[in-house]
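Here's coords-v3.txt, which has compact mmCIF, N, CA and C atoms:
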# COMPACT_ATOMS: atom_id res chain seq x y z
N MET X 187 83.88 62.99 174.40
CA MET X 187 83.33 63.42 173.13
C MET X 187 82.87 64.87 173.24
N ASN X 188 83.15 65.66 172.23
CA ASN X 188 82.71 67.04 172.19
C ASN X 188 81.27 67.11 171.69
N PHE X 189 80.50 68.00 172.28
CA PHE X 189 79.15 68.25 171.81
C PHE X 189 78.78 69.66 172.21
N THR X 190 77.80 70.20 171.53
CA THR X 190 77.30 71.53 171.86
C THR X 190 75.80 71.46 172.06
N ILE X 191 75.29 72.37 172.86
CA ILE X 191 73.85 72.50 173.05
C ILE X 191 73.50 73.91 172.63
N ARG X 192 72.51 74.03 171.78
CA ARG X 192 72.10 75.34 171.27
C ARG X 192 70.59 75.37 171.11
N ALA X 193 70.07 76.57 170.95
CA ALA X 193 68.63 76.73 170.69
C ALA X 193 68.30 76.13 169.33
N ALA X 194 67.20 75.41 169.28
CA ALA X 194 66.75 74.82 168.02
C ALA X 194 66.27 75.91 167.07
N THR X 195 66.35 75.61 165.78
CA THR X 195 65.82 76.49 164.74
C THR X 195 64.83 75.67 163.90
N LYS X 196 64.15 76.34 162.99
CA LYS X 196 63.22 75.63 162.09
C LYS X 196 63.89 74.46 161.38
N VAL X 197 65.12 74.66 161.00
CA VAL X 197 65.87 73.63 160.26
C VAL X 197 65.99 72.34 161.07
N ASP X 198 65.96 72.44 162.40
CA ASP X 198 66.12 71.27 163.27
C ASP X 198 64.85 70.44 163.42
N CYS X 199 63.72 70.94 162.96
CA CYS X 199 62.44 70.26 163.23
C CYS X 199 62.38 68.84 162.67
N LYS X 200 63.00 68.57 161.54
CA LYS X 200 63.00 67.20 161.01
C LYS X 200 63.78 66.27 161.92
N ASP X 201 64.92 66.75 162.45
CA ASP X 201 65.69 65.92 163.39
C ASP X 201 64.93 65.74 164.70
N ILE X 202 64.30 66.78 165.19
CA ILE X 202 63.52 66.68 166.43
C ILE X 202 62.38 65.68 166.23
N SER X 203 61.69 65.78 165.09
CA SER X 203 60.61 64.85 164.79
C SER X 203 61.13 63.41 164.73
N ARG X 204 62.29 63.22 164.12
CA ARG X 204 62.91 61.88 164.05
C ARG X 204 63.17 61.34 165.46
N MET X 205 63.70 62.18 166.33
CA MET X 205 64.01 61.71 167.69
C MET X 205 62.75 61.50 168.53
N ILE X 206 61.71 62.27 168.26
CA ILE X 206 60.42 62.02 168.93
C ILE X 206 59.94 60.61 168.57
N MET X 207 60.07 60.24 167.31
CA MET X 207 59.66 58.89 166.88
C MET X 207 60.57 57.82 167.48
N GLU X 208 61.86 58.10 167.62
CA GLU X 208 62.77 57.14 168.26
C GLU X 208 62.33 56.90 169.71
N LEU X 209 61.98 57.98 170.39
CA LEU X 209 61.51 57.86 171.77
C LEU X 209 60.20 57.07 171.82
N ALA X 210 59.29 57.35 170.91
CA ALA X 210 58.01 56.64 170.85
C ALA X 210 58.22 55.16 170.54
N LEU X 211 59.17 54.86 169.67
CA LEU X 211 59.48 53.47 169.35
C LEU X 211 59.98 52.74 170.60
N PHE X 212 60.86 53.39 171.35
CA PHE X 212 61.36 52.81 172.60
C PHE X 212 60.21 52.54 173.56
N GLU X 213 59.28 53.47 173.62
CA GLU X 213 58.13 53.33 174.53
C GLU X 213 57.04 52.42 173.96
N LYS X 214 57.24 51.93 172.73
CA LYS X 214 56.23 51.10 172.03
C LYS X 214 54.92 51.85 171.91
N MET X 215 55.03 53.14 171.54
CA MET X 215 53.86 54.00 171.44
C MET X 215 53.89 54.84 170.17
N THR X 216 54.46 54.30 169.10
CA THR X 216 54.55 55.09 167.86
C THR X 216 53.18 55.50 167.33
N ASP X 217 52.16 54.70 167.63
CA ASP X 217 50.81 55.05 167.17
C ASP X 217 50.25 56.29 167.88
N GLN X 218 50.89 56.70 168.96
CA GLN X 218 50.42 57.87 169.72
C GLN X 218 50.99 59.18 169.18
N VAL X 219 52.04 59.12 168.39
CA VAL X 219 52.66 60.34 167.87
C VAL X 219 51.82 60.86 166.71
N LYS X 220 51.27 62.04 166.88
CA LYS X 220 50.40 62.64 165.88
C LYS X 220 51.00 63.91 165.28
N ILE X 221 52.15 64.33 165.75
CA ILE X 221 52.74 65.60 165.34
C ILE X 221 53.74 65.39 164.20
N SER X 222 53.81 66.38 163.32
CA SER X 222 54.75 66.33 162.20
C SER X 222 55.82 67.41 162.38
N SER X 223 56.86 67.32 161.57
CA SER X 223 57.90 68.35 161.64
C SER X 223 57.33 69.71 161.22
N GLU X 224 56.35 69.70 160.32
CA GLU X 224 55.71 70.95 159.92
C GLU X 224 54.96 71.59 161.08
N GLU X 225 54.30 70.77 161.90
CA GLU X 225 53.60 71.31 163.07
C GLU X 225 54.58 71.83 164.10
N LEU X 226 55.71 71.15 164.26
CA LEU X 226 56.75 71.65 165.16
C LEU X 226 57.23 73.03 164.69
N GLU X 227 57.45 73.15 163.38
CA GLU X 227 57.87 74.45 162.82
C GLU X 227 56.82 75.52 163.11
N ARG X 228 55.56 75.20 162.82
CA ARG X 228 54.47 76.16 163.00
C ARG X 228 54.32 76.58 164.46
N ASP X 229 54.35 75.60 165.37
CA ASP X 229 54.05 75.89 166.77
C ASP X 229 55.25 76.40 167.57
N GLY X 230 56.46 76.10 167.11
CA GLY X 230 57.64 76.50 167.89
C GLY X 230 58.39 77.69 167.34
N PHE X 231 58.08 78.09 166.11
CA PHE X 231 58.86 79.15 165.48
C PHE X 231 57.95 80.20 164.85
N CYS X 232 56.96 80.59 165.63
CA CYS X 232 55.99 81.61 165.23
C CYS X 232 56.18 82.82 166.15
N PRO X 233 55.44 83.90 165.94
CA PRO X 233 55.61 85.08 166.80
C PRO X 233 55.37 84.80 168.30
N ASN X 234 54.47 83.88 168.61
CA ASN X 234 54.21 83.50 170.00
C ASN X 234 54.36 81.98 170.13
N PRO X 235 55.61 81.49 170.19
CA PRO X 235 55.83 80.03 170.19
C PRO X 235 55.20 79.34 171.39
N LEU X 236 54.70 78.13 171.14
CA LEU X 236 54.07 77.34 172.20
C LEU X 236 55.10 76.52 172.98
N PHE X 237 56.31 76.41 172.46
CA PHE X 237 57.38 75.69 173.14
C PHE X 237 58.72 76.25 172.68
N GLU X 238 59.75 75.90 173.43
CA GLU X 238 61.12 76.18 173.03
C GLU X 238 61.87 74.86 173.06
N CYS X 239 63.00 74.81 172.39
CA CYS X 239 63.70 73.55 172.29
C CYS X 239 65.20 73.80 172.18
N LEU X 240 65.97 72.94 172.81
CA LEU X 240 67.42 72.91 172.67
C LEU X 240 67.79 71.64 171.95
N VAL X 241 68.86 71.68 171.18
CA VAL X 241 69.35 70.47 170.52
C VAL X 241 70.81 70.26 170.91
N ALA X 242 71.19 68.99 170.96
CA ALA X 242 72.58 68.60 171.21
C ALA X 242 73.17 68.14 169.89
N GLU X 243 74.35 68.65 169.58
CA GLU X 243 75.03 68.30 168.34
C GLU X 243 76.44 67.79 168.62
N VAL X 244 76.87 66.87 167.78
CA VAL X 244 78.25 66.38 167.83
C VAL X 244 78.93 66.80 166.52
N PRO X 245 80.26 66.88 166.53
CA PRO X 245 80.97 67.19 165.28
C PRO X 245 80.74 66.10 164.23
N LYS X 246 80.91 66.44 162.97
CA LYS X 246 80.68 65.49 161.87
C LYS X 246 81.50 64.22 162.02
N GLU X 247 82.70 64.33 162.57
CA GLU X 247 83.53 63.12 162.73
C GLU X 247 82.98 62.17 163.80
N ASN X 248 82.04 62.63 164.60
CA ASN X 248 81.42 61.79 165.63
C ASN X 248 79.96 61.48 165.33
N LYS X 249 79.54 61.67 164.09
CA LYS X 249 78.14 61.48 163.73
C LYS X 249 77.65 60.07 164.09
N SER X 250 76.36 59.92 164.15
CA SER X 250 75.75 58.63 164.50
C SER X 250 75.98 57.61 163.39
N LYS X 251 75.65 56.38 163.68
CA LYS X 251 75.77 55.31 162.68
C LYS X 251 74.94 55.60 161.44
N GLN X 252 73.83 56.32 161.63
CA GLN X 252 72.96 56.67 160.51
C GLN X 252 73.37 57.98 159.85
N GLY X 253 74.40 58.64 160.38
CA GLY X 253 74.90 59.87 159.78
C GLY X 253 74.37 61.16 160.38
N PHE X 254 73.71 61.10 161.54
CA PHE X 254 73.14 62.30 162.16
C PHE X 254 74.16 62.98 163.06
N THR X 255 74.14 64.31 163.05
CA THR X 255 74.96 65.08 163.99
C THR X 255 74.11 65.69 165.10
N THR X 256 72.80 65.80 164.89
CA THR X 256 71.89 66.24 165.95
C THR X 256 71.47 64.98 166.70
N VAL X 257 71.91 64.87 167.96
CA VAL X 257 71.78 63.60 168.68
C VAL X 257 70.91 63.68 169.94
N GLY X 258 70.35 64.85 170.23
CA GLY X 258 69.50 64.97 171.41
C GLY X 258 68.69 66.25 171.35
N TYR X 259 67.66 66.30 172.16
CA TYR X 259 66.85 67.51 172.26
C TYR X 259 66.21 67.60 173.63
N GLY X 260 65.90 68.81 174.01
CA GLY X 260 65.12 69.10 175.22
C GLY X 260 64.03 70.07 174.82
N LEU X 261 62.78 69.65 174.95
CA LEU X 261 61.65 70.48 174.56
C LEU X 261 60.93 70.93 175.82
N TYR X 262 60.70 72.22 175.96
CA TYR X 262 60.10 72.76 177.18
C TYR X 262 59.12 73.87 176.83
N PHE X 263 58.26 74.17 177.79
CA PHE X 263 57.32 75.26 177.61
C PHE X 263 57.06 75.91 178.95
N TYR X 264 56.50 77.09 178.90
CA TYR X 264 56.23 77.86 180.11
C TYR X 264 54.79 77.68 180.52
N THR X 265 54.59 77.73 181.81
CA THR X 265 53.25 77.63 182.37
C THR X 265 53.19 78.56 183.58
N TYR X 266 52.07 78.58 184.24
CA TYR X 266 51.92 79.47 185.39
C TYR X 266 51.21 78.74 186.52
N SER X 267 51.80 78.79 187.68
CA SER X 267 51.22 78.16 188.86
C SER X 267 50.55 79.23 189.72
N THR X 268 49.34 78.97 190.14
CA THR X 268 48.67 79.94 191.01
C THR X 268 49.33 80.00 192.38
N TRP X 269 50.14 79.02 192.72
CA TRP X 269 50.85 79.04 194.00
C TRP X 269 52.28 79.54 193.88
N LYS X 270 52.92 79.21 192.77
CA LYS X 270 54.35 79.50 192.66
C LYS X 270 54.69 80.57 191.62
N GLY X 271 53.76 80.91 190.75
CA GLY X 271 54.05 81.89 189.71
C GLY X 271 54.61 81.23 188.46
N ARG X 272 55.54 81.92 187.81
CA ARG X 272 56.11 81.43 186.55
C ARG X 272 56.81 80.09 186.75
N SER X 273 56.63 79.21 185.78
CA SER X 273 57.34 77.93 185.82
C SER X 273 57.57 77.43 184.40
N MET X 274 58.47 76.49 184.29
CA MET X 274 58.82 75.91 183.00
C MET X 274 58.69 74.40 183.14
N HIS X 275 58.10 73.78 182.15
CA HIS X 275 57.94 72.33 182.14
C HIS X 275 58.83 71.74 181.06
N LEU X 276 59.71 70.85 181.46
CA LEU X 276 60.57 70.15 180.51
C LEU X 276 59.82 68.91 180.05
N GLU X 277 59.29 68.96 178.84
CA GLU X 277 58.46 67.88 178.31
C GLU X 277 59.29 66.65 177.97
N ASP X 278 60.35 66.83 177.21
CA ASP X 278 61.22 65.73 176.82
C ASP X 278 62.67 66.15 176.95
N LEU X 279 63.50 65.23 177.38
CA LEU X 279 64.95 65.37 177.32
C LEU X 279 65.44 64.04 176.78
N TYR X 280 65.84 64.02 175.50
CA TYR X 280 66.16 62.78 174.81
C TYR X 280 67.56 62.86 174.24
N VAL X 281 68.29 61.75 174.38
CA VAL X 281 69.61 61.59 173.78
C VAL X 281 69.60 60.24 173.06
N MET X 282 70.06 60.22 171.80
CA MET X 282 70.11 58.97 171.05
C MET X 282 70.91 57.93 171.84
N PRO X 283 70.44 56.66 171.83
CA PRO X 283 71.08 55.62 172.66
C PRO X 283 72.59 55.50 172.50
N GLU X 284 73.11 55.63 171.29
CA GLU X 284 74.56 55.45 171.10
C GLU X 284 75.37 56.59 171.69
N PHE X 285 74.70 57.68 172.11
CA PHE X 285 75.40 58.81 172.71
C PHE X 285 75.11 58.94 174.20
N ARG X 286 74.56 57.90 174.78
CA ARG X 286 74.27 57.92 176.21
C ARG X 286 75.47 57.44 177.00
N GLY X 287 75.22 56.91 178.19
CA GLY X 287 76.35 56.53 179.03
C GLY X 287 76.81 57.76 179.78
N GLY X 288 78.09 57.93 179.92
CA GLY X 288 78.64 59.07 180.63
C GLY X 288 78.25 60.39 180.01
N GLN X 289 78.06 60.40 178.69
CA GLN X 289 77.70 61.65 178.01
C GLN X 289 76.27 62.09 178.31
N ARG X 290 75.41 61.13 178.60
CA ARG X 290 74.01 61.50 178.84
C ARG X 290 73.91 62.46 180.02
N GLU X 291 74.60 62.12 181.10
CA GLU X 291 74.56 62.99 182.27
C GLU X 291 75.15 64.36 181.95
N ALA X 292 76.21 64.37 181.14
CA ALA X 292 76.82 65.64 180.76
C ALA X 292 75.86 66.46 179.91
N LEU X 293 75.18 65.82 178.96
CA LEU X 293 74.22 66.53 178.12
C LEU X 293 73.07 67.08 178.96
N CYS X 294 72.55 66.27 179.86
CA CYS X 294 71.45 66.72 180.73
C CYS X 294 71.91 67.89 181.58
N SER X 295 73.09 67.76 182.14
CA SER X 295 73.63 68.82 182.99
C SER X 295 73.79 70.12 182.22
N LEU X 296 74.33 70.03 181.01
CA LEU X 296 74.49 71.24 180.19
C LEU X 296 73.14 71.86 179.85
N ALA X 297 72.15 71.03 179.55
CA ALA X 297 70.83 71.56 179.23
C ALA X 297 70.24 72.29 180.43
N ILE X 298 70.34 71.70 181.60
CA ILE X 298 69.81 72.35 182.81
C ILE X 298 70.57 73.64 183.09
N LYS X 299 71.88 73.62 182.92
CA LYS X 299 72.66 74.85 183.13
C LYS X 299 72.24 75.91 182.14
N ARG X 300 71.98 75.51 180.91
CA ARG X 300 71.55 76.47 179.89
C ARG X 300 70.24 77.12 180.32
N PHE X 301 69.30 76.31 180.82
CA PHE X 301 68.05 76.87 181.32
C PHE X 301 68.35 77.88 182.43
N GLY X 302 69.19 77.47 183.36
CA GLY X 302 69.50 78.30 184.52
C GLY X 302 70.21 79.59 184.17
N LEU X 303 71.05 79.57 183.14
CA LEU X 303 71.76 80.77 182.74
C LEU X 303 70.82 81.77 182.09
N GLU X 304 69.82 81.28 181.39
CA GLU X 304 68.92 82.17 180.68
C GLU X 304 67.81 82.72 181.57
N ARG X 305 67.43 81.96 182.58
CA ARG X 305 66.33 82.37 183.45
C ARG X 305 66.63 81.92 184.88
N PRO X 306 66.32 82.74 185.86
CA PRO X 306 66.59 82.33 187.25
C PRO X 306 65.59 81.27 187.71
N PHE X 307 66.08 80.28 188.43
CA PHE X 307 65.22 79.20 188.94
C PHE X 307 65.34 79.09 190.43
N THR X 308 64.24 78.75 191.05
CA THR X 308 64.27 78.52 192.48
C THR X 308 64.50 77.06 192.80
N ARG X 309 64.01 76.15 191.96
CA ARG X 309 64.20 74.72 192.23
C ARG X 309 63.86 73.87 191.02
N LEU X 310 64.29 72.65 191.11
CA LEU X 310 64.06 71.65 190.08
C LEU X 310 63.14 70.61 190.71
N LEU X 311 61.99 70.37 190.12
CA LEU X 311 61.02 69.45 190.70
C LEU X 311 60.83 68.23 189.82
N ARG X 312 60.68 67.07 190.42
CA ARG X 312 60.33 65.87 189.66
C ARG X 312 58.81 65.85 189.52
N CYS X 313 58.36 65.58 188.31
CA CYS X 313 56.92 65.50 188.07
C CYS X 313 56.39 64.16 188.57
N SER X 314 55.13 64.12 188.90
CA SER X 314 54.56 62.92 189.49
C SER X 314 54.01 61.93 188.48
N ARG X 315 53.97 62.29 187.20
CA ARG X 315 53.44 61.36 186.19
C ARG X 315 54.32 60.13 186.12
N SER X 316 53.68 58.98 186.03
CA SER X 316 54.47 57.75 185.94
C SER X 316 53.77 56.71 185.08
N SER X 317 53.24 57.15 183.95
CA SER X 317 52.50 56.22 183.10
C SER X 317 53.42 55.31 182.30
N GLY X 318 54.71 55.57 182.32
CA GLY X 318 55.66 54.72 181.61
C GLY X 318 57.06 55.19 181.91
N SER X 319 58.05 54.45 181.45
CA SER X 319 59.42 54.80 181.77
C SER X 319 59.80 56.17 181.23
N HIS X 320 59.17 56.62 180.14
CA HIS X 320 59.45 57.94 179.59
C HIS X 320 59.09 59.02 180.59
N HIS X 321 58.02 58.82 181.35
CA HIS X 321 57.55 59.84 182.27
C HIS X 321 58.28 59.80 183.60
N GLN X 322 58.94 58.71 183.91
CA GLN X 322 59.65 58.62 185.19
C GLN X 322 60.81 59.58 185.17
N GLY X 323 60.91 60.38 186.21
CA GLY X 323 62.01 61.32 186.31
C GLY X 323 61.84 62.57 185.49
N ARG X 324 60.64 62.86 185.00
CA ARG X 324 60.42 64.12 184.32
C ARG X 324 60.70 65.26 185.28
N LEU X 325 61.11 66.37 184.72
CA LEU X 325 61.47 67.50 185.55
C LEU X 325 60.57 68.69 185.24
N ALA X 326 60.24 69.44 186.26
CA ALA X 326 59.58 70.73 186.09
C ALA X 326 60.48 71.76 186.72
N LEU X 327 60.71 72.86 186.05
CA LEU X 327 61.59 73.89 186.55
C LEU X 327 60.74 75.09 186.96
N ASN X 328 60.80 75.46 188.22
CA ASN X 328 60.05 76.62 188.69
C ASN X 328 60.94 77.84 188.69
N THR X 329 60.44 78.94 188.12
CA THR X 329 61.19 80.19 188.11
C THR X 329 60.62 81.13 189.14
N PHE X 330 61.34 82.21 189.38
CA PHE X 330 60.78 83.25 190.25
C PHE X 330 60.84 84.57 189.55
Show how you would write the structure in this file as structure tokens.
Amino acid sequence: MNFTIRAATKVDCKDISRMIMELALFEKMTDQVKISSEELERDGFCPNPLFECLVAEVPKENKSKQGFTTVGYGLYFYTYSTWKGRSMHLEDLYVMPEFRGGQREALCSLAIKRFGLERPFTRLLRCSRSSGSHHQGRLALNTF
């Protein structure tokens, strides 16, 4: 299946918000989601954005059962380590269930490559949080 990964825009915030809720539903934690698509727009697309986001899209002929062409997202932000310097934290990497399988690894790989092409990285670290299956295997990307 063909898909593309690109930087998210304000227009994508409703789809990102929808997928955040899908992830929360899977985790049985929908009551924990307090953010709206308007807040995503405000916080991610301002002069000093608090996060950046990539979205995965499929062609219209491969749209989801519900009619969506935006089928995944990766939301990340920058932080600073007093030991390592600049770093990037990948908060979520989500792909709609019907587009997983062999494609999930390809989407993840493309997202990581996209990060690497835009900024140099020294290593990919697994985060230690393990409060639920969503947090297992989280990645932190350290830059130099």
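The space between atom N of Thr190 of chain X and atom CA of Ala242 of chain X spans 5.5 Å.
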Report task. Rounded to one decimal place, report the atom CA of Cys199 of chain X-atom C of Ser273 of chain X distance in Å. Result -> 22.9 Å
Query raised in the report: Which is closer to Asn188 of chain X than all the others in X:Glu243, X:Lys220, X:Tyr264, X:Arg204, using only N, CA and C atoms?
Result: X:Glu243
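Atom CA of Leu261 of chain X is found 18.4 Å from atom CA of Val244 of chain X.
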**Report entry** Val257 of chain X environment, 8 Å, only N, CA and C atoms, sequence neighbours closer than 4 positions dropped, as a VMD selection string
**Finding:** chain X and resid 201 205 241 to 244 250 280 to 283 285
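Within the 9 Å cut-off around Arg228 of chain X, using only C-alpha atoms and omitting residues fewer than 5 positions from it on the same chain, the listed residues are X:Lys196, X:Ser223, X:Pro235.
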Query - Distance query Ser222 of chain X at most 7 Å, only N, CA and C atoms, self and fewer than 4 positions along chain excluded, as a list in words - result: Cys199, Ser203, Leu226 and Glu227 of chain X
Selection from above, N, CA and C atoms, as an mmCIF file, in the coordinates of the input, can you write it?
data_model
loop_
_atom_site.group_PDB
_atom_site.id
_atom_site.type_symbol
_atom_site.label_atom_id
_atom_site.label_comp_id
_atom_site.auth_asym_id
_atom_site.auth_seq_id
_atom_site.Cartn_x
_atom_site.Cartn_y
_atom_site.Cartn_z
ATOM 1 N N CYS X 199 63.720 70.940 162.960
ATOM 2 C CA CYS X 199 62.440 70.260 163.230
ATOM 3 C C CYS X 199 62.380 68.840 162.670
ATOM 4 N N SER X 203 61.690 65.780 165.090
ATOM 5 C CA SER X 203 60.610 64.850 164.790
ATOM 6 C C SER X 203 61.130 63.410 164.730
ATOM 7 N N LEU X 226 55.710 71.150 164.260
ATOM 8 C CA LEU X 226 56.750 71.650 165.160
ATOM 9 C C LEU X 226 57.230 73.030 164.690
ATOM 10 N N GLU X 227 57.450 73.150 163.380
ATOM 11 C CA GLU X 227 57.870 74.450 162.820
ATOM 12 C C GLU X 227 56.820 75.520 163.110
#
Requested in this report: Take the point (67.3, 65.2, 177.9) as written in the file and pick out every residue within 6 Å of it, counting all atoms listed in the file; give the list as a PyMOL selection string.
Outcome: chain X and resi 259-260+278-281+294
Mind writing the picked residues with N, CA and C atoms as a PDB file, in the coordinates of the input?
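The resulting file, again_36.pdb, is reproduced below:
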ATOM      1  N   TYR X 259      67.660  66.300 172.160  1.00  0.00           N
ATOM      2  CA  TYR X 259      66.850  67.510 172.260  1.00  0.00           C
ATOM      3  C   TYR X 259      66.210  67.600 173.630  1.00  0.00           C
ATOM      4  N   GLY X 260      65.900  68.810 174.010  1.00  0.00           N
ATOM      5  CA  GLY X 260      65.120  69.100 175.220  1.00  0.00           C
ATOM      6  C   GLY X 260      64.030  70.070 174.820  1.00  0.00           C
ATOM      7  N   ASP X 278      60.350  66.830 177.210  1.00  0.00           N
ATOM      8  CA  ASP X 278      61.220  65.730 176.820  1.00  0.00           C
ATOM      9  C   ASP X 278      62.670  66.150 176.950  1.00  0.00           C
ATOM     10  N   LEU X 279      63.500  65.230 177.380  1.00  0.00           N
ATOM     11  CA  LEU X 279      64.950  65.370 177.320  1.00  0.00           C
ATOM     12  C   LEU X 279      65.440  64.040 176.780  1.00  0.00           C
ATOM     13  N   TYR X 280      65.840  64.020 175.500  1.00  0.00           N
ATOM     14  CA  TYR X 280      66.160  62.780 174.810  1.00  0.00           C
ATOM     15  C   TYR X 280      67.560  62.860 174.240  1.00  0.00           C
ATOM     16  N   VAL X 281      68.290  61.750 174.380  1.00  0.00           N
ATOM     17  CA  VAL X 281      69.610  61.590 173.780  1.00  0.00           C
ATOM     18  C   VAL X 281      69.600  60.240 173.060  1.00  0.00           C
ATOM     19  N   CYS X 294      72.550  66.270 179.860  1.00  0.00           N
ATOM     20  CA  CYS X 294      71.450  66.720 180.730  1.00  0.00           C
ATOM     21  C   CYS X 294      71.910  67.890 181.580  1.00  0.00           C
TER      22      CYS X 294
END
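Between Ala194 of chain X and the residues X:Cys232, X:Leu240, X:Met207, X:Leu276, the shortest atom-to-atom distance, using all atoms listed in the file, involves X:Leu240.
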Report task. Mind listing the helix (DSSP H, G or I) residues of segment 209-295 of chain X, per DSSP on the backbone, as a count of residues only? Result -> 29
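Neighbours of Tyr262 of chain X closer than or equal to 5 Å, with all atoms listed in the file counted and sequence neighbours fewer than 4 positions away skipped, come out as Phe237, Glu238, Cys239, His275, Leu276 and Glu277 of chain X.
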